[in-house]
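A.B. asks: Starting off with a structure, shown below.
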Amino acid sequence: MQRAARLLSKTKLQSFRLAPEEFAEAVWPAVVGNRLAQRTGQVKLYGRRLVVDVEDALWHKQLSTMVGQILTKLQMLAGPSMIDSLEFRIGIPRRGPRVALPFIDPDDRADGIADPIFRQLYLASRAQSERDEAKRMRISA
């Protein structure tokens, strides 16, 4: 593997410069792989220490055992003078937006029953339950 700085110097975009933090964020997926990079959160550079957020204690423990290997790869790509230590922190878990479940009309549930006998039993049971509920409401009123 060639150092990333050497690769960038060979490109025609020599006037285009990345801030060290942006460079560290860009290099992170190349170091750990896309699948692992998706499991980590923010990548921040504080001085020469790279701090990476992880989802939970299990990921923290697993990645902490690999600090030496990851740091070696980081230094190969970014150069030894850019990053000299690596730290994993348990971050706030990312959650996607909550999606409301669609409203299911009771008749729709009965339509999902393939067996005609079970479907009729279900409909009869539901009708009896509705009658019992209506009767309770009249008594309590």
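Naming scheme: A, B, ... for chains in displayed order of the structure tokens; residues 1 onward per chain; ligands 1 onward as shown.
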Report as a PyMOL selection string all protein, DNA and RNA residues lying within 12 Å of Gly33 of chain A, evaluated on only C-alpha atoms, omitting residues in the same chain fewer than 5 positions from it.
C.D. replies: chain A and resi 26-28+38-40+70+73-74
A.B. asks: List the spatial neighbours of Val31 of chain A as an NGL selection string - criterion: any atom at most 12 Å away, only C-alpha atoms, same-chain residues fewer than 2 positions off excluded.
C.D. replies: :A and (1 or 3-4 or 24-29 or 33-37 or 66-67 or 69-78)
A.B. asks: Show me, as number ranges by chain, the residues that have an atom within 10 Å of Leu50 of chain A when counting only C-alpha atoms, minus same-chain residues fewer than 2 positions from it.
C.D. replies: A: 21, 24-25, 28, 43-48, 52, 71, 74, 82-88
A.B. asks: Keeping only C-alpha atoms, write those residues as a short mmCIF file (atom, residue, chain, number, x, y, z; two decimals), in the first residue's frame.
C.D. replies:
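The file below, out21.cif, is the result:
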data_model
loop_
_atom_site.label_atom_id
_atom_site.label_comp_id
_atom_site.auth_asym_id
_atom_site.auth_seq_id
_atom_site.Cartn_x
_atom_site.Cartn_y
_atom_site.Cartn_z
CA GLU A 21 -9.83 15.89 10.24
CA ALA A 24 -8.92 11.12 8.72
CA GLU A 25 -12.66 10.70 8.07
CA TRP A 28 -11.21 5.53 7.96
CA VAL A 43 -14.50 9.98 13.43
CA LYS A 44 -12.80 13.01 14.98
CA LEU A 45 -9.18 14.04 15.08
CA TYR A 46 -8.00 15.79 18.26
CA GLY A 47 -4.42 16.80 17.73
CA ARG A 48 -2.80 13.53 16.66
CA VAL A 52 -14.01 6.96 16.87
CA LEU A 71 -3.20 2.17 13.98
CA LEU A 74 -3.75 4.29 9.57
CA MET A 82 -0.54 12.61 11.31
CA ILE A 83 -2.01 10.06 13.77
CA ASP A 84 -0.13 8.59 16.70
CA SER A 85 -2.94 7.17 18.84
CA LEU A 86 -6.42 5.76 18.45
CA GLU A 87 -9.30 5.78 20.92
CA PHE A 88 -12.76 4.23 20.77
#
A.B. asks: Which residue gives the smallest distance to Gly41 of chain A among A:Met137, A:Ala19, A:Ile90, A:Leu58, with only C-alpha atoms counted?
C.D. replies: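 Under the stated criterion, the closest residue is A:Ile90.
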A.B. asks: Compare A:Ser140, A:Arg126, A:Ser81, A:Leu121 by their minimum atom-to-atom distance to Arg49 of chain A, counting only C-alpha atoms, and give me the closest one.
C.D. replies: A:Ser81
A.B. asks: Distance atom CA of Val54 of chain A-atom CA of Arg17 of chain A, one decimal place?
C.D. replies: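 About the pair atom CA of Val54 of chain A and atom CA of Arg17 of chain A: they are 28.2 Å apart.
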A.B. asks: Pick out each residue of segment 22-133 of chain A that DSSP on the backbone tags as alpha helix (DSSP H); I need them as JSON, numbers by chain.
C.D. replies: {"A": [22, 23, 24, 25, 26, 27, 28, 29, 30, 31, 32, 34, 35, 36, 37, 38, 57, 58, 59, 60, 61, 62, 63, 64, 67, 68, 69, 70, 71, 72, 73, 74, 75, 76, 77, 78, 106, 107, 108, 109, 110, 111, 116, 117, 118, 119, 120, 121, 122, 123, 124, 125, 126, 127, 128, 129, 130, 131, 132, 133]}
A.B. asks: Write the residues you've just listed into a file as a short mmCIF file (atom, residue, chain, number, x, y, z; two decimals), in the first residue's frame, and include C-alpha atoms for each of them.
C.D. replies:
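Final output, part.cif:
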data_model
loop_
_atom_site.label_atom_id
_atom_site.label_comp_id
_atom_site.auth_asym_id
_atom_site.auth_seq_id
_atom_site.Cartn_x
_atom_site.Cartn_y
_atom_site.Cartn_z
CA GLU A 22 -11.51 15.53 6.83
CA PHE A 23 -8.61 13.40 5.66
CA ALA A 24 -8.92 11.12 8.72
CA GLU A 25 -12.66 10.70 8.07
CA ALA A 26 -11.99 9.88 4.42
CA VAL A 27 -9.26 7.36 5.22
CA TRP A 28 -11.21 5.53 7.96
CA PRO A 29 -13.29 3.28 5.62
CA ALA A 30 -10.17 2.36 3.67
CA VAL A 31 -8.43 1.31 6.89
CA VAL A 32 -11.16 -0.79 8.51
CA ASN A 34 -16.75 -0.35 4.53
CA ARG A 35 -18.73 -2.86 6.60
CA LEU A 36 -16.90 -2.00 9.80
CA ALA A 37 -16.92 1.71 9.02
CA GLN A 38 -20.71 1.57 8.79
CA ALA A 57 -19.50 -1.89 24.82
CA LEU A 58 -19.22 -5.04 22.73
CA TRP A 59 -17.91 -3.12 19.71
CA HIS A 60 -15.67 -1.07 22.01
CA LYS A 61 -14.08 -4.21 23.44
CA GLN A 62 -13.67 -5.88 20.04
CA LEU A 63 -12.10 -2.86 18.34
CA SER A 64 -9.91 -2.07 21.35
CA VAL A 67 -5.98 -0.94 18.06
CA GLY A 68 -2.44 -1.94 17.10
CA GLN A 69 -3.43 -3.33 13.71
CA ILE A 70 -5.75 -0.42 12.90
CA LEU A 71 -3.20 2.17 13.98
CA THR A 72 -0.52 0.55 11.82
CA LYS A 73 -2.81 0.68 8.77
CA LEU A 74 -3.75 4.29 9.57
CA GLN A 75 -0.11 5.30 9.75
CA MET A 76 0.64 3.50 6.49
CA LEU A 77 -2.11 5.42 4.69
CA ALA A 78 -1.97 8.78 6.43
CA PRO A 106 -60.48 -6.15 11.58
CA ASP A 107 -62.00 -7.41 8.34
CA ASP A 108 -58.53 -7.39 6.81
CA ARG A 109 -57.32 -9.80 9.50
CA ALA A 110 -60.13 -12.19 8.64
CA ASP A 111 -59.23 -11.95 4.96
CA PRO A 116 -62.78 -20.96 5.27
CA ILE A 117 -63.82 -22.80 8.46
CA PHE A 118 -61.26 -21.04 10.64
CA ARG A 119 -62.22 -17.74 8.99
CA GLN A 120 -65.90 -18.26 9.93
CA LEU A 121 -64.91 -19.25 13.50
CA TYR A 122 -62.78 -16.11 13.80
CA LEU A 123 -65.59 -13.86 12.50
CA ALA A 124 -68.13 -15.46 14.83
CA SER A 125 -65.81 -15.10 17.80
CA ARG A 126 -65.11 -11.46 16.99
CA ALA A 127 -68.83 -10.72 16.59
CA GLN A 128 -69.56 -12.34 19.97
CA SER A 129 -66.78 -10.29 21.59
CA GLU A 130 -68.23 -7.08 20.14
CA ARG A 131 -71.73 -7.99 21.42
CA ASP A 132 -70.34 -8.74 24.90
CA GLU A 133 -68.48 -5.42 24.94
#
